[in-house]
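Asks: Before we start, here is the structure in question, set down as structure tokens.
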Number of protein chains: 2
Amino acid sequence: MGLNYAKRMDNIKASEIRELLKLTEKPEVISFAGGLPAPELFPVEEMKKISVEVLDEQGTKALQYGPTEGYKPLREQITKRMAKVGVDAKVENILVISGSQQGLDFSGKIFVNPGDVVLCESPSYLGAINAFKAYEPKFIEVPTDEHGMVMEDLEEILKNNDNVKFVYVIPDFQNPSGRTWSEERRKRIVELANQYNIAIIEDNPYGELRYEGEFLPAIKHYDTEGRVIFLGTFSKIFCPGLRLGWVCAEEGVLNKYILAKQGSDLQASTISQMQVARFMEDYDIEAHIEKLRSVYKKRKDLMINTMKEEFPAEVKFTNPEGGLFTWVILPEHINARELAVKALEKNVAFVPGGSFFPNGGNENTFRLNYSNMSEEKIVEGIKRLGKAIKDMM
Amino acid sequence: MGLNYAKRMDNIKASEIRELLKLTEKPEVISFAGGLPAPELFPVEEMKKISVEVLDEQGTKALQYGPTEGYKPLREQITKRMAKVGVDAKVENILVISGSQQGLDFSGKIFVNPGDVVLCESPSYLGAINAFKAYEPKFIEVPTDEHGMVMEDLEEILKNNDNVKFVYVIPDFQNPSGRTWSEERRKRIVELANQYNIAIIEDNPYGELRYEGEFLPAIKHYDTEGRVIFLGTFSKIFCPGLRLGWVCAEEGVLNKYILAKQGSDLQASTISQMQVARFMEDYDIEAHIEKLRSVYKKRKDLMINTMKEEFPAEVKFTNPEGGLFTWVILPEHINARELAVKALEKNVAFVPGGSFFPNGGNENTFRLNYSNMSEEKIVEGIKRLGKAIKDMM
């Protein structure tokens with residue numbers, strides 16, 4: 001006899017990205033699959049210096065249990081990051097978590113009864129979809145265009161569904177589409193959340209990685225009733241291996257996240273929190289982010305320009321103003337999962353787009369990452385991919 | 001209008017321990033409340049050396065995303081820890097998690113539908129109770145005596161309840177009672193789990209901290225059908241600030257935990273995993289654990305001996321053979337929550353026992369920790385506590 005698992009486990013499948021990443025570990029594979037930052041830009045020397053300083057000065061504290069809310073000096077530093085995206089937050093509004101992925105799991109846990117409706121952009125981040133699925137929601141995908149989620153469609157859905165708990169959005173350089181919301185829609189979604197009494201989960205891992213166009217404040221900036229829960233992370237502006245992110249929310253709402261954190265894993269790593277706080281106190285993180293921006297912009301431009309040259313004219317793709325991804329739409333008769341197999345034969349990897357739609361379909365789409373490969377590999381990989389596409393036309 | 005939370009959030013309350021810990025941060029408080037290891041025994045100098053080496057040799061890998069399952073050399077080291085408790089595990093049986101608390105949350109997530117029955121020792125670890133509550137189980141407490149859970153009572157409960165998903169146990173130096181299961185009961189619980197088709201969640205944070213008596217293998221050692229899920233942690237044998245623990249289970253079962261990990265926070269900290277693996281490769285962790293044992297044993301003996309002198313004869317308590325806690329039973333008319341208030345006036349803190357019973361009651365009990373205070377403070381604190389108890393007799 002096998003063990004009896006909970007019903008929710010029927011919904012939980014392995015993330016296609018993480019399974020793919022395993023296949024792409026071979027050094028000969030040019031991988032546009034993950035959302036990995038460029039490791040050559042990690043501040044390794046600074047981390048060495050900081051690690052020693054933290055242990056020298058506060059070693060026993062760094063290795064001991066700490067408060068669930070997080071290390072206070074790090075929470076203070078995070079309020080400065082929030083100011084950068086136009087949000088006036090206090091320490092009391094910040095909970096440190098183990099990467100922003102954990103904030104997605106907590107959002108499901110805190111808000112979703114089985115059968116409740118969760119709204120998201122179509123397409124949406126598949127890690128979020130997988131996290132929410134554990135709480136057995138019904139997903140309704142809201143149509144998007146080049147300016148983000150279409151507010152008329154959102155309103156129509158809210159009018160016709162009375163058990164919507166929250167709308168999950170990535171307004172800046174969305175994963176997977178690379179699209180950015182207009183200011184008008186950022187304001188409008190808050191009005192609709194107020195009117196229909198729902199929460200907004202604003203996932204913002206890439207907001208500080210803008211390469212062109214004008215800065216726009218986070219949706220949380222426009223929040224009037226404490227309905228916007230902002231998720232941030234150090235994974236893309238510092239490094240992901242430490243697993244540190246944060247929730248920024250009104251105190252009453254944040255308290256639910258703190259309770260979830262307490263039950264889930266007590267607290268984030270004390271020593272890692274102290275290291276990141278120290279980095280931001282002693283070094284110029286703005287200069288570090290500026291360096292990331294300039295490298296990633298070059299890679300992005302190079303990928304887009306090579307795609308223009310190497311992909312057939314019928315293939316459409318976005319030209320993002322920031323972030324890590326471009327989104328490709330193939331002619332309808334080409335299946336991106338089949339393309340992925342052919343591309344892997346040529347040692348090129350990407351993530352087929354179907355997994356980014358919680359209700360399926362759209363198998364003629366895929367996502368490309370440009371942050372993790374060198375310029376040389378980007379050109380070579382896109383050329384091979386172009387050939388693979390042409391073979392299927 | 002406030003936000004609508006999920007029904008499960010009605011069950012989730014702040015952990016009394018962690019709230020208490022905040023009050024006890026004042027340096028004048030002698031705290032027997034937390035389950036904190038002795039920070040003066042943390043290997044701070046070794047950690048400094050290791051941190052630099054890991055970053056020097058594999059800096060970009062240490063700061064990058066890694067596999068959900070965990071860092072392979074650490075998983076290999078963990079199989080050696082499993083051998084120490086009598087379990088023959090392979091790397092494929094090990095998932096690295098963010099402290100064993102996360103394994104409790106995952107166990108709830110993986111097994112429990114609302115209304116399913118979870119069995120536990122009476123009393124049981126309150127952090128586990130809180131983690132499971134998020135999944136809305138019905139708790140049935142199984143009576144315990146000085147040899148652990150009473151198997152006749154367990155069998156009776158299994159006979160009369162057909163929706164039991166798992167039994168949660170801490171067989172070594174239990175939190176909070178300090179009690180250890182006999183070998184006979186370790187074997188018997190596996191037979192009962194096989195017969196009634198349930199899982200056993202074996203939580204084993206203190207197994208290697210035995211100060212006296214004879215070594216007994218983990219329950220997982222007797223597992224014949226892959227029903228025992230073993231949770232281990234580096235928090236008590238190394239340091240808790242890194243937040244690293246593990247799940248050891250049969251591959252099919254472990255796969256569910258890997259899926260839960262992927263959705264919850266992708267992976268444990270890459271750099272911390274590399275550091276702990278390195279510590280175990282380069283240093284003698286057995287010698288480190290031996291040092292912990294000798295210090296904790298002295299503190300435990302001193303606390304027990306002082307209690308014998310300072311507590312009224314009507315007060316009963318356990319004399320554990322290992323671990324971090326002793327359990328105190330007051331005369332029935334004395335309420336330990338009231339005693340906690342009086343003790344805090346004398347700057348002594350402990351955790352009242354009521355929270356360790358998922359179905360309430362037993363307010364005449366409390367838990368004392370002896371690992372985190374110096375010998376001087378243990379004597380002084382127990383004297384003050386003895387006075388507070390006498391004042392209420």
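We name chains A, B, ... following the order of the structure tokens; residues begin at 1 in each chain, and ligands are numbered from 1 as shown.
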Give one line per residue of chain A that approaches chain B to at most 6 Å, naming the two atoms of the closest pair and their distance in Å to one decimal, counting only C-alpha atoms; sort by chain then ascending residue number and deliver it as a tab-separated table.
Replies:
```
residue	atom	partner	partner_atom	distance
A:Tyr5	CA	B:Phe111	CA	4.5
A:Ala6	CA	B:Phe111	CA	4.5
A:Ala14	CA	B:Leu259	CA	6.0
A:Pro39	CA	B:Thr60	CA	5.3
A:Val44	CA	B:Gly59	CA	5.8
A:Lys48	CA	B:Val52	CA	5.5
A:Val52	CA	B:Lys48	CA	5.5
A:Gly59	CA	B:Val44	CA	5.8
A:Thr60	CA	B:Pro39	CA	5.3
A:Leu63	CA	B:Gly241	CA	4.1
A:Gln64	CA	B:Gly241	CA	4.4
A:Tyr65	CA	B:Gly241	CA	5.1
A:Gln101	CA	B:Asp265	CA	5.1
A:Gln102	CA	B:Asp265	CA	4.7
A:Asp105	CA	B:Ser264	CA	5.3
A:Ile110	CA	B:Ala6	CA	5.6
A:Phe111	CA	B:Ala6	CA	4.5
A:Val112	CA	B:Ala6	CA	5.1
A:Asn113	CA	B:Ala6	CA	5.3
A:Asn130	CA	B:Gly263	CA	5.9
A:Ala131	CA	B:Gly263	CA	4.6
A:Cys239	CA	B:Leu63	CA	5.7
A:Pro240	CA	B:Gln64	CA	5.4
A:Gly241	CA	B:Leu63	CA	4.1
A:Leu242	CA	B:Ser269	CA	5.0
A:Arg243	CA	B:Ser269	CA	5.5
A:Leu259	CA	B:Ala14	CA	5.9
A:Gly263	CA	B:Ala131	CA	4.5
A:Ser264	CA	B:Gln102	CA	5.3
A:Asp265	CA	B:Gln102	CA	4.7
A:Ser269	CA	B:Leu242	CA	5.0
A:Thr270	CA	B:Gly241	CA	4.9
```
Asks: Could you dump the residues just selected with N, CA, C and O atoms as a CSV table (one decimal), in the first residue's frame?
Replies:
```csv
chain,number,residue,atom,x,y,z
A,5,TYR,N,-1.6,10.8,0.0
A,5,TYR,CA,-1.2,12.2,0.0
A,5,TYR,C,-2.5,13.0,0.0
A,5,TYR,O,-3.6,12.6,-0.3
A,6,ALA,N,-2.2,14.3,0.3
A,6,ALA,CA,-3.3,15.3,0.3
A,6,ALA,C,-3.8,15.5,-1.1
A,6,ALA,O,-3.0,15.4,-2.1
A,14,ALA,N,6.5,19.1,-11.2
A,14,ALA,CA,7.8,19.7,-11.2
A,14,ALA,C,7.8,20.9,-12.1
A,14,ALA,O,7.2,20.9,-13.2
A,39,PRO,N,26.8,35.3,-13.4
A,39,PRO,CA,27.6,35.1,-12.2
A,39,PRO,C,28.9,35.9,-12.2
A,39,PRO,O,29.4,36.2,-11.1
A,44,VAL,N,31.9,38.9,-5.5
A,44,VAL,CA,32.6,37.8,-4.7
A,44,VAL,C,33.6,38.4,-3.7
A,44,VAL,O,33.6,38.0,-2.5
A,48,LYS,N,33.5,38.2,0.5
A,48,LYS,CA,34.6,37.6,1.3
A,48,LYS,C,34.9,38.5,2.4
A,48,LYS,O,35.0,38.1,3.6
A,52,VAL,N,33.9,37.8,6.7
A,52,VAL,CA,34.9,37.9,7.7
A,52,VAL,C,34.5,38.9,8.8
A,52,VAL,O,34.5,38.7,10.0
A,59,GLY,N,29.9,37.3,15.5
A,59,GLY,CA,29.9,35.9,15.1
A,59,GLY,C,28.8,35.1,15.8
A,59,GLY,O,28.1,34.4,15.1
A,60,THR,N,28.7,35.2,17.1
A,60,THR,CA,27.8,34.4,17.8
A,60,THR,C,26.3,34.8,17.4
A,60,THR,O,25.4,33.9,17.4
A,63,LEU,N,25.3,33.4,13.9
A,63,LEU,CA,25.0,32.0,13.8
A,63,LEU,C,23.9,31.5,14.6
A,63,LEU,O,23.5,30.3,14.6
A,64,GLN,N,23.3,32.4,15.4
A,64,GLN,CA,22.2,32.1,16.3
A,64,GLN,C,20.8,32.3,15.6
A,64,GLN,O,20.7,33.0,14.6
A,65,TYR,N,19.7,31.8,16.2
A,65,TYR,CA,18.4,32.1,15.8
A,65,TYR,C,18.2,33.6,15.9
A,65,TYR,O,18.8,34.3,16.8
A,101,GLN,N,10.1,34.0,-4.0
A,101,GLN,CA,9.3,32.8,-4.3
A,101,GLN,C,8.5,32.4,-3.0
A,101,GLN,O,7.3,32.0,-3.0
A,102,GLN,N,9.1,32.6,-1.8
A,102,GLN,CA,8.4,32.2,-0.6
A,102,GLN,C,7.2,33.1,-0.4
A,102,GLN,O,6.2,32.7,0.2
A,105,ASP,N,4.3,31.6,-2.2
A,105,ASP,CA,3.7,30.5,-1.4
A,105,ASP,C,2.8,31.0,-0.3
A,105,ASP,O,1.7,30.6,-0.1
A,110,ILE,N,-2.2,32.3,2.7
A,110,ILE,CA,-2.9,33.3,3.5
A,110,ILE,C,-4.3,33.7,2.9
A,110,ILE,O,-5.2,33.9,3.6
A,111,PHE,N,-4.4,33.6,1.6
A,111,PHE,CA,-5.6,34.1,0.9
A,111,PHE,C,-6.5,33.0,0.4
A,111,PHE,O,-7.7,33.2,0.3
A,112,VAL,N,-6.0,31.9,-0.1
A,112,VAL,CA,-6.8,31.0,-1.0
A,112,VAL,C,-7.4,29.8,-0.3
A,112,VAL,O,-6.7,28.9,0.2
A,113,ASN,N,-8.7,29.8,-0.3
A,113,ASN,CA,-9.4,28.5,0.0
A,113,ASN,C,-9.6,27.8,-1.3
A,113,ASN,O,-9.6,28.4,-2.4
A,130,ASN,N,2.7,27.6,-10.0
A,130,ASN,CA,3.0,26.4,-9.2
A,130,ASN,C,2.8,26.6,-7.7
A,130,ASN,O,2.3,25.7,-7.0
A,131,ALA,N,3.3,27.7,-7.2
A,131,ALA,CA,3.1,28.0,-5.8
A,131,ALA,C,1.7,28.1,-5.4
A,131,ALA,O,1.2,27.5,-4.4
A,239,CYS,N,22.6,38.7,-5.4
A,239,CYS,CA,22.8,37.4,-5.9
A,239,CYS,C,21.8,36.4,-5.3
A,239,CYS,O,21.3,36.6,-4.2
A,240,PRO,N,21.4,35.4,-6.1
A,240,PRO,CA,20.3,34.5,-5.7
A,240,PRO,C,20.7,33.4,-4.7
A,240,PRO,O,19.8,32.9,-4.0
A,241,GLY,N,22.0,33.1,-4.6
A,241,GLY,CA,22.4,31.9,-3.8
A,241,GLY,C,22.1,32.1,-2.3
A,241,GLY,O,22.1,31.2,-1.6
A,242,LEU,N,22.0,33.4,-1.9
A,242,LEU,CA,21.7,33.6,-0.5
A,242,LEU,C,20.3,33.4,-0.1
A,242,LEU,O,19.9,33.3,1.1
A,243,ARG,N,19.4,33.4,-1.1
A,243,ARG,CA,17.9,33.2,-0.9
A,243,ARG,C,17.4,34.3,0.1
A,243,ARG,O,16.8,33.9,1.2
A,259,LEU,N,3.2,35.4,10.5
A,259,LEU,CA,2.7,34.1,11.0
A,259,LEU,C,3.0,33.0,10.1
A,259,LEU,O,3.4,31.9,10.5
A,263,GLY,N,5.5,29.6,11.0
A,263,GLY,CA,5.1,28.2,10.8
A,263,GLY,C,5.9,27.5,9.8
A,263,GLY,O,6.2,26.3,9.8
A,264,SER,N,6.4,28.2,8.7
A,264,SER,CA,7.0,27.6,7.6
A,264,SER,C,8.5,27.3,7.8
A,264,SER,O,8.9,26.2,7.4
A,265,ASP,N,9.2,28.2,8.4
A,265,ASP,CA,10.6,27.9,8.6
A,265,ASP,C,11.3,28.9,9.6
A,265,ASP,O,12.5,29.1,9.6
A,269,SER,N,17.9,33.2,7.0
A,269,SER,CA,19.2,33.0,7.5
A,269,SER,C,19.7,34.3,8.2
A,269,SER,O,19.8,35.3,7.6
A,270,THR,N,20.1,34.1,9.5
A,270,THR,CA,20.6,35.3,10.2
A,270,THR,C,21.9,35.8,9.6
A,270,THR,O,22.0,37.0,9.3
```
Asks: Tell me, as a PyMOL selection string, which residues lie within 10 Å of Lys342 (chain A), counting only C-alpha atoms; anything in the same chain fewer than 2 positions away does not count.
Replies: chain A and resi 336-340+344-349+385+387-389+391-392
Asks: Need to verify the contact set: Met307 (chain B), 12 Å, only C-alpha atoms, exclusion of same-chain residues closer than 4 positions in sequence. Can you return it as a list of chain:residue names?
Replies: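 Once the nearby chain positions are removed, what remains is B:Lys300, B:Asp301, B:Leu302, B:Met303, B:Phe311, B:Pro312, B:Ala313, B:Glu314, B:Val315, B:Lys316, B:Phe317, B:Thr318, B:Asn319, B:Thr326, B:Trp327, B:Val328, B:Leu368, B:Tyr370, B:Ile378, B:Val379, B:Glu380, B:Gly381, B:Ile382, B:Lys383, B:Arg384, B:Leu385, B:Gly386, B:Lys387, B:Ile389.
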Asks: Write the residues of the selection above to a file with N, CA and C atoms, as a tab-separated table (two decimals), in the first residue's frame.
Replies:
```tsv
chain	number	residue	atom	x	y	z
B	300	LYS	N	22.74	20.50	32.30
B	300	LYS	CA	21.53	19.72	32.60
B	300	LYS	C	21.60	19.18	34.03
B	301	ASP	N	22.73	18.56	34.38
B	301	ASP	CA	22.87	18.00	35.73
B	301	ASP	C	22.71	19.09	36.79
B	302	LEU	N	23.31	20.25	36.49
B	302	LEU	CA	23.24	21.35	37.44
B	302	LEU	C	21.80	21.86	37.60
B	303	MET	N	21.11	21.95	36.49
B	303	MET	CA	19.72	22.41	36.57
B	303	MET	C	18.88	21.41	37.37
B	311	PHE	N	12.98	23.38	44.35
B	311	PHE	CA	11.56	23.25	44.05
B	311	PHE	C	10.87	22.48	45.18
B	312	PRO	N	9.61	22.80	45.49
B	312	PRO	CA	8.87	22.02	46.49
B	312	PRO	C	8.75	20.56	46.03
B	313	ALA	N	8.65	19.65	46.98
B	313	ALA	CA	8.63	18.21	46.68
B	313	ALA	C	7.44	17.81	45.81
B	314	GLU	N	6.36	18.59	45.83
B	314	GLU	CA	5.17	18.26	45.03
B	314	GLU	C	5.38	18.49	43.54
B	315	VAL	N	6.44	19.21	43.20
B	315	VAL	CA	6.70	19.51	41.79
B	315	VAL	C	7.52	18.37	41.17
B	316	LYS	N	7.02	17.82	40.06
B	316	LYS	CA	7.70	16.70	39.39
B	316	LYS	C	8.40	17.20	38.12
B	317	PHE	N	9.50	16.57	37.77
B	317	PHE	CA	10.16	16.95	36.51
B	317	PHE	C	10.95	15.77	35.97
B	318	THR	N	11.24	15.84	34.64
B	318	THR	CA	11.97	14.75	33.98
B	318	THR	C	13.47	15.02	34.08
B	319	ASN	N	14.25	13.91	34.06
B	319	ASN	CA	15.70	14.01	34.01
B	319	ASN	C	16.16	13.40	32.69
B	326	THR	N	13.99	20.03	30.02
B	326	THR	CA	13.30	19.24	31.04
B	326	THR	C	11.87	19.77	31.18
B	327	TRP	N	11.00	18.90	31.63
B	327	TRP	CA	9.56	19.16	31.63
B	327	TRP	C	9.08	19.12	33.08
B	328	VAL	N	8.35	20.13	33.47
B	328	VAL	CA	7.96	20.28	34.87
B	328	VAL	C	6.44	20.16	35.01
B	368	LEU	N	11.54	23.79	30.56
B	368	LEU	CA	12.77	24.52	30.85
B	368	LEU	C	13.88	24.10	29.90
B	370	TYR	N	18.03	24.21	29.18
B	370	TYR	CA	19.26	24.39	29.96
B	370	TYR	C	20.50	24.62	29.09
B	378	ILE	N	22.02	29.44	35.57
B	378	ILE	CA	21.11	28.32	35.80
B	378	ILE	C	20.79	28.22	37.29
B	379	VAL	N	21.81	28.26	38.12
B	379	VAL	CA	21.58	28.16	39.57
B	379	VAL	C	20.73	29.32	40.06
B	380	GLU	N	21.10	30.52	39.67
B	380	GLU	CA	20.38	31.71	40.12
B	380	GLU	C	18.93	31.70	39.62
B	381	GLY	N	18.75	31.34	38.35
B	381	GLY	CA	17.41	31.33	37.76
B	381	GLY	C	16.50	30.30	38.42
B	382	ILE	N	17.04	29.11	38.68
B	382	ILE	CA	16.22	28.06	39.29
B	382	ILE	C	15.87	28.44	40.73
B	383	LYS	N	16.79	29.11	41.41
B	383	LYS	CA	16.48	29.58	42.77
B	383	LYS	C	15.30	30.55	42.75
B	384	ARG	N	15.38	31.52	41.85
B	384	ARG	CA	14.29	32.50	41.75
B	384	ARG	C	12.98	31.83	41.37
B	385	LEU	N	13.07	30.86	40.44
B	385	LEU	CA	11.87	30.16	39.99
B	385	LEU	C	11.27	29.35	41.14
B	386	GLY	N	12.15	28.73	41.93
B	386	GLY	CA	11.69	27.99	43.10
B	386	GLY	C	10.91	28.90	44.06
B	387	LYS	N	11.42	30.09	44.27
B	387	LYS	CA	10.70	31.06	45.13
B	387	LYS	C	9.35	31.40	44.55
B	389	ILE	N	7.50	29.64	42.61
B	389	ILE	CA	6.57	28.50	42.76
B	389	ILE	C	6.07	28.43	44.21
```
Asks: As a PyMOL selection string, please: every residue in region 111-309 of chain B that DSSP puts in helix (DSSP H, G or I).
Replies: chain B and resi 111+126-133+151-160+183-196+219-222+240-242+251-265+270-282+285-309
Asks: Would you mind listing what lies within 12 Å of Phe230 (chain A) as a PDB file with C-alpha atoms, in the first residue's frame, with only C-alpha atoms counted and same-chain residues fewer than 3 positions away left out?
Replies:
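Wrote it out as result_24.pdb, contents follow:
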```
ATOM      1  CA  ILE A  78      15.043  47.428   2.428  1.00  0.00           C
ATOM      2  CA  THR A  79      12.951  50.531   3.163  1.00  0.00           C
ATOM      3  CA  ARG A  81      15.030  49.984  -1.835  1.00  0.00           C
ATOM      4  CA  MET A  82      11.288  50.546  -1.499  1.00  0.00           C
ATOM      5  CA  VAL A  85      10.440  52.265  -6.515  1.00  0.00           C
ATOM      6  CA  GLY A  86       8.375  55.095  -5.050  1.00  0.00           C
ATOM      7  CA  VAL A  87       7.087  53.423  -1.886  1.00  0.00           C
ATOM      8  CA  ALA A  89       7.756  52.110   3.859  1.00  0.00           C
ATOM      9  CA  ASN A  93       6.161  47.122   6.864  1.00  0.00           C
ATOM     10  CA  ILE A  94       9.017  44.762   5.971  1.00  0.00           C
ATOM     11  CA  LEU A  95       9.349  40.994   6.487  1.00  0.00           C
ATOM     12  CA  SER A 100      10.451  36.259  -3.182  1.00  0.00           C
ATOM     13  CA  GLY A 103       6.170  35.301  -0.681  1.00  0.00           C
ATOM     14  CA  LEU A 104       4.205  33.635  -3.467  1.00  0.00           C
ATOM     15  CA  SER A 107       0.187  34.564  -0.552  1.00  0.00           C
ATOM     16  CA  TYR A 168      -1.102  38.528  -9.168  1.00  0.00           C
ATOM     17  CA  VAL A 169       0.935  40.869 -11.369  1.00  0.00           C
ATOM     18  CA  ILE A 170       4.522  41.615 -12.427  1.00  0.00           C
ATOM     19  CA  PRO A 171       4.199  45.178 -13.724  1.00  0.00           C
ATOM     20  CA  ALA A 199      -5.694  42.192  -2.792  1.00  0.00           C
ATOM     21  CA  ILE A 200      -2.964  42.851  -5.353  1.00  0.00           C
ATOM     22  CA  ILE A 201       0.199  40.725  -5.176  1.00  0.00           C
ATOM     23  CA  GLU A 202       2.829  42.868  -6.896  1.00  0.00           C
ATOM     24  CA  ASP A 203       5.871  40.769  -7.729  1.00  0.00           C
ATOM     25  CA  ASN A 204       8.789  43.042  -8.531  1.00  0.00           C
ATOM     26  CA  PRO A 205      12.073  41.187  -8.982  1.00  0.00           C
ATOM     27  CA  GLY A 207      11.994  46.772 -11.241  1.00  0.00           C
ATOM     28  CA  ALA A 218       5.514  50.470  -8.317  1.00  0.00           C
ATOM     29  CA  ILE A 219       1.769  49.788  -8.101  1.00  0.00           C
ATOM     30  CA  LYS A 220       2.253  49.872  -4.314  1.00  0.00           C
ATOM     31  CA  HIS A 221       3.020  53.609  -4.716  1.00  0.00           C
ATOM     32  CA  TYR A 222      -0.626  54.171  -5.686  1.00  0.00           C
ATOM     33  CA  ASP A 223      -2.060  51.950  -2.902  1.00  0.00           C
ATOM     34  CA  GLY A 226      -3.297  48.782   2.083  1.00  0.00           C
ATOM     35  CA  ARG A 227      -4.345  46.241  -0.541  1.00  0.00           C
ATOM     36  CA  THR A 233      14.219  40.149  -3.842  1.00  0.00           C
ATOM     37  CA  GLY A 245      13.714  38.526  -0.479  1.00  0.00           C
ATOM     38  CA  TRP A 246      11.080  40.575   1.283  1.00  0.00           C
ATOM     39  CA  VAL A 247       7.400  41.344   1.682  1.00  0.00           C
ATOM     40  CA  CYS A 248       6.342  44.982   2.010  1.00  0.00           C
ATOM     41  CA  ALA A 249       2.757  45.433   3.212  1.00  0.00           C
ATOM     42  CA  GLU A 250       0.583  47.291   5.686  1.00  0.00           C
ATOM     43  CA  VAL A 253      -1.542  42.309   6.376  1.00  0.00           C
ATOM     44  CA  LEU A 254       2.166  41.828   7.030  1.00  0.00           C
ATOM     45  CA  TYR A 257       2.862  36.870   6.411  1.00  0.00           C
TER      46      TYR A 257
END
```
Asks: Check region 330-360 of chain B with DSSP on the backbone and list each residue it calls strand (DSSP E), as a ChimeraX atom specification.
Replies: /B:348-349,351-352
Asks: Pull N, CA and C atoms from the residues just selected and write them as a PDB file, in the first residue's frame.
Replies:
```
ATOM      1  N   VAL B 348      13.025  35.886  35.273  1.00  0.00           N
ATOM      2  CA  VAL B 348      13.259  34.509  34.830  1.00  0.00           C
ATOM      3  C   VAL B 348      12.147  34.133  33.838  1.00  0.00           C
ATOM      4  N   ALA B 349      12.524  33.507  32.742  1.00  0.00           N
ATOM      5  CA  ALA B 349      11.536  33.165  31.716  1.00  0.00           C
ATOM      6  C   ALA B 349      11.544  31.680  31.390  1.00  0.00           C
ATOM      7  N   VAL B 351       8.693  28.588  29.098  1.00  0.00           N
ATOM      8  CA  VAL B 351       7.481  28.465  28.280  1.00  0.00           C
ATOM      9  C   VAL B 351       6.431  27.629  29.018  1.00  0.00           C
ATOM     10  N   PRO B 352       5.249  28.215  29.301  1.00  0.00           N
ATOM     11  CA  PRO B 352       4.157  27.441  29.917  1.00  0.00           C
ATOM     12  C   PRO B 352       3.796  26.249  29.033  1.00  0.00           C
TER      13      PRO B 352
END
```
